[in-house]
Amino acid sequence: MRNLAFLTSFYNLNATLNIREDFFKSLSKNFKIIYIINSDKLNFFSKFEAKYSFKRSIKDKIYKKLPGNIRMIDLKDGRDFLNFTRKKNLLIINNIGKSFFKLKIHFLIKKSKCKQIYINNLGSIGGMKAHIELKNPLRFFNYNLFQNLFKKIITPLLIIFGFVPRIDLHFTCKKKELENAKKNLLRNFLLKNKLLYARDYKLINSRSYDALLTNKIKIEEKYIVHCNAEMNGPHEIETRGRLSEKNVKNHYFHLRKFLSKLSSDYKKPVVVCVHPNIKKKDLNDFKKSKYLKGFKIVQFKTKYYLYKSFLVTSFDSSSIVDAAILRKRIIGLWSRFMDINQIEHSKTYPKLIGYQRINFENFNYDKKNLLKLLNKNLIKYSSFIKNYHCHKKNIKGIDEIISIIKRKYDCK
């Protein structure tokens with residue numbers, strides 16, 4: 001009999017617990033015990049990696065109350081990890097990446113001989129390209145070598161030659177990506193011969209579709225909900241440095257003006273939802289800045305307010321997939337004060353889902369015509385939902401995951 005373990009970074013633990021709240025609740029109801037293991041101290045050069053990734057050493061308080069059978073495990077080092085895995089006979093749910101720093105963890109998993117699975121049921125689009133300017137050679141070198149080169153070339157080669165262990169089973173809700181892999185000559189060959197990162201793939205419905213099936217939140221049209229993006233978050237600073245205060249102020253001046261106009265025209269209050277990754281201190285600083293003065297600002301409640309939304313605005317937030325599943329009106333946003341990565345990334349979801357994207361600076365519109373356009377765009381969401389979320393009607397993806405884990409891996 002195996003025990004179940006979720007291997008992840010604790011740096012953004014609150015975000016992980018919030019995004020995967022329903023997932024962990026379902027696991028706790030079906031398995032005797034679930035371990036959540038901190039991967040941060042298991043990286044190559046973990047202290048340098050934390051500094052390089054602009055991670056702070058301050059530990060966040062866990063805001064979500066967890067079920068009693070979920071245990072947090074903070075291991076000291078690789079030896080501690082190997083001792084724990086051997087003692088507990090684990091099936092590992094792998095939630096780490098393939099960058100240079102993570103390679104040590106993959107080597108440890110190989111040494112432990114633990115089976116591992118990967119669960120990609122969020123239905124969001126990752127792996128967006130980042131532009132790093134050559135004027136900062138160190139940042140350019142670090143990002144392209146330690147991350148991209150290892151993710152895309154070195155680690156996949158190490159997997160093919162057996163130095164890095166394969167995922168035994170990859171659960172995915174992204175039907176389109178599987179279809180694209182089959183159309184690519186090389187990837188299709190690797191897929192058929194089980195030479196990709198995962199030996200096998202299982203198509204399931206997404207977390208967002210699961211939530212809709214078991215929804216206990218009344219769907220209403222009470223608010224204009226804005227999914228905000230950090231202008232100077234850790235990832236942004238890592239890729240291009242810090243934006244000037246002038247650009248940040250200009251960005252939020254026009255954003256506040258635009259959201260206020262929407263609120264006035266459609267007679268709905270604005271609620272600003274910030275990303276669960278944002279640290280408490282940064283959130284408090286953002287509120288004190290009064291950039292979005294007059295609006296309610298919330299964290300860890302995005303799903304609730306999306307269900308209550310009349311209209312949703314977003315830059316490139318992955319939470320927009322929930323709005324699409326709910327067939328909510330969506331406007332994609334961008335401004336000249338954002339960096340090139342933010343501007344390019346803001347194009348991804350509008351193109352994929354099929355909603356309007358605008359530059360909100362001095363944007364003029366007729367409220368009746370805009371509403372007509374937003375309502376017309378709702379029809380376009382069907383393709384996205386079919387390709388990334390719903391593949392078997394009225395079946396929960398998490399139920400299929402749990403059934404297979406019990407049957408195939410003998411987890412109790």
# chains A, B, ... in the order shown; residues from 1 in each chain; ligands from 1
>>> residues_around(residues="range 298-315 of chain A", least_positions_apart="4", cutoff="6 Å", atoms="only C-alpha atoms", output="list in words")
Ile219, Glu220, Glu221, Lys222, Tyr223, Ile224, Val225, His226, Cys227, Cys273, Val274, Pro276, Arg329, Ile330, Ile331, Gly332, Leu333 and Ser346 of chain A
>>> write_last_selection(atoms="C-alpha atoms", output="PDB file, in the first residue's frame")
ATOM      1  CA  ILE A 219     -24.574  32.575 -10.167  1.00  0.00           C
ATOM      2  CA  GLU A 220     -25.524  36.254 -10.362  1.00  0.00           C
ATOM      3  CA  GLU A 221     -24.614  39.486 -12.183  1.00  0.00           C
ATOM      4  CA  LYS A 222     -23.910  41.850  -9.288  1.00  0.00           C
ATOM      5  CA  TYR A 223     -20.361  43.142  -9.879  1.00  0.00           C
ATOM      6  CA  ILE A 224     -17.805  44.304 -12.372  1.00  0.00           C
ATOM      7  CA  VAL A 225     -14.864  42.089 -11.418  1.00  0.00           C
ATOM      8  CA  HIS A 226     -11.323  43.102 -12.293  1.00  0.00           C
ATOM      9  CA  CYS A 227      -8.603  40.422 -12.100  1.00  0.00           C
ATOM     10  CA  CYS A 273      -9.335  40.443  -7.222  1.00  0.00           C
ATOM     11  CA  VAL A 274      -5.577  40.139  -6.666  1.00  0.00           C
ATOM     12  CA  PRO A 276      -3.216  34.480  -4.475  1.00  0.00           C
ATOM     13  CA  ARG A 329     -18.769  38.823 -20.417  1.00  0.00           C
ATOM     14  CA  ILE A 330     -15.009  39.461 -20.576  1.00  0.00           C
ATOM     15  CA  ILE A 331     -12.817  42.384 -21.638  1.00  0.00           C
ATOM     16  CA  GLY A 332      -9.073  41.867 -22.001  1.00  0.00           C
ATOM     17  CA  LEU A 333      -6.926  44.869 -21.072  1.00  0.00           C
ATOM     18  CA  SER A 346      -2.315  39.895 -22.564  1.00  0.00           C
TER      19      SER A 346
END
>>> select_by_dssp(residues="range 4-98 of chain A", states="alpha helix (DSSP H)", output="ChimeraX atom specification")
/A:13-19,21-30,46-52,78-88
>>> write_last_selection(atoms="N, CA and C atoms", output="tab-separated table (two decimals), in the first residue's frame")
chain	number	residue	atom	x	y	z
A	13	LEU	N	2.74	28.73	-1.13
A	13	LEU	CA	1.86	27.69	-0.62
A	13	LEU	C	0.40	28.14	-0.51
A	14	ASN	N	0.19	29.37	-0.04
A	14	ASN	CA	-1.19	29.85	0.08
A	14	ASN	C	-1.88	29.88	-1.28
A	15	ALA	N	-1.14	30.28	-2.30
A	15	ALA	CA	-1.71	30.30	-3.65
A	15	ALA	C	-2.05	28.88	-4.11
A	16	THR	N	-1.15	27.94	-3.86
A	16	THR	CA	-1.38	26.54	-4.25
A	16	THR	C	-2.60	25.98	-3.54
A	17	LEU	N	-2.71	26.23	-2.24
A	17	LEU	CA	-3.84	25.71	-1.46
A	17	LEU	C	-5.15	26.35	-1.90
A	18	ASN	N	-5.09	27.61	-2.30
A	18	ASN	CA	-6.30	28.30	-2.75
A	18	ASN	C	-6.74	27.81	-4.13
A	19	ILE	N	-5.81	27.73	-5.05
A	19	ILE	CA	-6.12	27.32	-6.42
A	19	ILE	C	-6.59	25.87	-6.46
A	21	GLU	N	-7.92	24.14	-3.85
A	21	GLU	CA	-8.70	23.88	-2.63
A	21	GLU	C	-9.63	22.68	-2.78
A	22	ASP	N	-10.42	22.64	-3.85
A	22	ASP	CA	-11.35	21.54	-4.06
A	22	ASP	C	-10.61	20.22	-4.27
A	23	PHE	N	-9.46	20.30	-4.92
A	23	PHE	CA	-8.64	19.12	-5.17
A	23	PHE	C	-8.20	18.47	-3.85
A	24	PHE	N	-7.67	19.28	-2.94
A	24	PHE	CA	-7.20	18.75	-1.66
A	24	PHE	C	-8.36	18.25	-0.79
A	25	LYS	N	-9.49	18.93	-0.87
A	25	LYS	CA	-10.67	18.47	-0.11
A	25	LYS	C	-11.11	17.10	-0.59
A	26	SER	N	-11.11	16.90	-1.91
A	26	SER	CA	-11.50	15.61	-2.47
A	26	SER	C	-10.52	14.51	-2.07
A	27	LEU	N	-9.21	14.81	-2.11
A	27	LEU	CA	-8.22	13.83	-1.70
A	27	LEU	C	-8.40	13.44	-0.23
A	28	SER	N	-8.66	14.44	0.61
A	28	SER	CA	-8.78	14.18	2.06
A	28	SER	C	-9.97	13.29	2.37
A	29	LYS	N	-11.01	13.35	1.53
A	29	LYS	CA	-12.20	12.52	1.76
A	29	LYS	C	-12.00	11.08	1.28
A	30	ASN	N	-10.99	10.86	0.44
A	30	ASN	CA	-10.84	9.55	-0.18
A	30	ASN	C	-9.58	8.79	0.22
A	46	SER	N	19.90	25.88	-3.20
A	46	SER	CA	18.57	26.39	-2.83
A	46	SER	C	18.58	27.85	-2.37
A	47	LYS	N	19.62	28.26	-1.65
A	47	LYS	CA	19.67	29.65	-1.17
A	47	LYS	C	19.89	30.62	-2.33
A	48	PHE	N	20.78	30.23	-3.26
A	48	PHE	CA	21.02	31.07	-4.43
A	48	PHE	C	19.78	31.13	-5.31
A	49	GLU	N	19.13	29.98	-5.47
A	49	GLU	CA	17.92	29.92	-6.30
A	49	GLU	C	16.82	30.82	-5.75
A	50	ALA	N	16.69	30.84	-4.42
A	50	ALA	CA	15.68	31.70	-3.80
A	50	ALA	C	15.98	33.17	-4.08
A	51	LYS	N	17.26	33.52	-3.98
A	51	LYS	CA	17.67	34.91	-4.23
A	51	LYS	C	17.51	35.27	-5.70
A	52	TYR	N	17.90	34.35	-6.57
A	52	TYR	CA	17.82	34.56	-8.01
A	52	TYR	C	16.37	34.72	-8.47
A	78	GLY	N	18.24	16.50	1.02
A	78	GLY	CA	18.02	15.32	0.21
A	78	GLY	C	18.01	14.03	1.00
A	79	ARG	N	18.88	13.93	1.97
A	79	ARG	CA	18.93	12.72	2.80
A	79	ARG	C	17.63	12.55	3.57
A	80	ASP	N	17.14	13.64	4.11
A	80	ASP	CA	15.87	13.62	4.84
A	80	ASP	C	14.73	13.19	3.90
A	81	PHE	N	14.77	13.65	2.66
A	81	PHE	CA	13.76	13.29	1.67
A	81	PHE	C	13.79	11.79	1.39
A	82	LEU	N	14.98	11.25	1.18
A	82	LEU	CA	15.10	9.81	0.87
A	82	LEU	C	14.64	8.95	2.04
A	83	ASN	N	14.99	9.35	3.24
A	83	ASN	CA	14.55	8.61	4.43
A	83	ASN	C	13.03	8.62	4.55
A	84	PHE	N	12.44	9.77	4.29
A	84	PHE	CA	10.98	9.90	4.40
A	84	PHE	C	10.26	9.09	3.34
A	85	THR	N	10.73	9.15	2.10
A	85	THR	CA	10.06	8.42	1.00
A	85	THR	C	10.15	6.91	1.21
A	86	ARG	N	11.28	6.45	1.70
A	86	ARG	CA	11.45	5.01	1.92
A	86	ARG	C	10.57	4.52	3.07
A	87	LYS	N	10.44	5.35	4.06
A	87	LYS	CA	9.64	4.99	5.23
A	87	LYS	C	8.15	4.96	4.91
A	88	LYS	N	7.71	5.91	4.08
A	88	LYS	CA	6.27	6.07	3.83
A	88	LYS	C	5.79	5.39	2.55
>>> atom_distance(atom1="CA of Val164 in chain A", atom2="CA of Arg207 in chain A")
28.6 Å
>>> residues_around(residues="Ile154 in chain A", least_positions_apart="5", cutoff="12 Å", atoms="only C-alpha atoms", output="list in words")
Lys98, Ser99, Phe100, Leu103, Leu145, Phe146, Gln147, Asn148, Leu149, Ile159, Ile160, Phe161, Phe163 and Val164 of chain A
>>> residues_around(residues="His254 in chain A", least_positions_apart="5", cutoff="8 Å", atoms="only C-alpha atoms", output="VMD selection string")
chain A and resid 360 to 362
>>> closest_residue(among="A:Phe384, A:Tyr355, A:Ser403, A:Lys192", to="Leu370 in chain A", atoms="only C-alpha atoms")
A:Tyr355
>>> decode(residues="range 379-406 of chain A", atoms="N, CA and C atoms", output="short mmCIF file (atom, residue, chain, number, x, y, z; two decimals), in the first residue's frame")
data_model
loop_
_atom_site.label_atom_id
_atom_site.label_comp_id
_atom_site.auth_asym_id
_atom_site.auth_seq_id
_atom_site.Cartn_x
_atom_site.Cartn_y
_atom_site.Cartn_z
N ILE A 379 -20.57 33.29 -27.61
CA ILE A 379 -20.70 32.11 -28.48
C ILE A 379 -19.32 31.51 -28.80
N LYS A 380 -18.31 32.38 -28.86
CA LYS A 380 -16.96 31.94 -29.24
C LYS A 380 -16.29 31.08 -28.17
N TYR A 381 -16.79 31.13 -26.93
CA TYR A 381 -16.14 30.40 -25.83
C TYR A 381 -16.22 28.88 -26.00
N SER A 382 -17.19 28.42 -26.78
CA SER A 382 -17.46 26.97 -26.86
C SER A 382 -16.25 26.16 -27.29
N SER A 383 -15.50 26.67 -28.26
CA SER A 383 -14.33 25.94 -28.75
C SER A 383 -13.27 25.80 -27.66
N PHE A 384 -13.04 26.87 -26.91
CA PHE A 384 -12.07 26.83 -25.81
C PHE A 384 -12.50 25.83 -24.74
N ILE A 385 -13.76 25.84 -24.37
CA ILE A 385 -14.27 24.93 -23.35
C ILE A 385 -14.12 23.48 -23.81
N LYS A 386 -14.43 23.23 -25.09
CA LYS A 386 -14.33 21.88 -25.65
C LYS A 386 -12.88 21.39 -25.70
N ASN A 387 -11.95 22.27 -26.00
CA ASN A 387 -10.55 21.87 -26.17
C ASN A 387 -9.74 21.83 -24.88
N TYR A 388 -10.20 22.55 -23.86
CA TYR A 388 -9.38 22.67 -22.64
C TYR A 388 -10.10 22.32 -21.34
N HIS A 389 -11.42 22.02 -21.41
CA HIS A 389 -12.13 21.85 -20.14
C HIS A 389 -13.11 20.68 -20.08
N CYS A 390 -14.01 20.60 -21.01
CA CYS A 390 -15.07 19.59 -20.92
C CYS A 390 -14.96 18.58 -22.06
N HIS A 391 -14.67 17.34 -21.71
CA HIS A 391 -14.50 16.28 -22.71
C HIS A 391 -15.52 15.15 -22.51
N LYS A 392 -16.06 15.05 -21.29
CA LYS A 392 -17.09 14.06 -20.99
C LYS A 392 -18.12 14.76 -20.12
N LYS A 393 -19.29 14.99 -20.64
CA LYS A 393 -20.29 15.77 -19.92
C LYS A 393 -20.74 15.08 -18.63
N ASN A 394 -20.89 15.92 -17.59
CA ASN A 394 -21.40 15.50 -16.28
C ASN A 394 -20.51 14.49 -15.56
N ILE A 395 -19.23 14.45 -15.92
CA ILE A 395 -18.26 13.59 -15.22
C ILE A 395 -17.18 14.46 -14.61
N LYS A 396 -16.92 14.29 -13.32
CA LYS A 396 -15.89 15.09 -12.65
C LYS A 396 -14.51 14.50 -12.90
N GLY A 397 -13.59 15.34 -13.32
CA GLY A 397 -12.22 14.90 -13.55
C GLY A 397 -11.57 14.37 -12.30
N ILE A 398 -11.83 14.99 -11.16
CA ILE A 398 -11.21 14.57 -9.90
C ILE A 398 -11.66 13.17 -9.51
N ASP A 399 -12.90 12.80 -9.84
CA ASP A 399 -13.38 11.44 -9.54
C ASP A 399 -12.60 10.40 -10.34
N GLU A 400 -12.29 10.72 -11.59
CA GLU A 400 -11.49 9.80 -12.41
C GLU A 400 -10.07 9.69 -11.86
N ILE A 401 -9.50 10.82 -11.43
CA ILE A 401 -8.15 10.81 -10.86
C ILE A 401 -8.09 9.91 -9.63
N ILE A 402 -9.03 10.10 -8.72
CA ILE A 402 -9.05 9.34 -7.47
C ILE A 402 -9.25 7.85 -7.74
N SER A 403 -10.15 7.52 -8.65
CA SER A 403 -10.41 6.12 -8.99
C SER A 403 -9.15 5.43 -9.52
N ILE A 404 -8.42 6.10 -10.40
CA ILE A 404 -7.19 5.53 -10.98
C ILE A 404 -6.09 5.41 -9.94
N ILE A 405 -5.94 6.43 -9.08
CA ILE A 405 -4.92 6.38 -8.03
C ILE A 405 -5.16 5.18 -7.11
N LYS A 406 -6.40 4.95 -6.76
CA LYS A 406 -6.73 3.82 -5.88
C LYS A 406 -6.48 2.48 -6.56
#
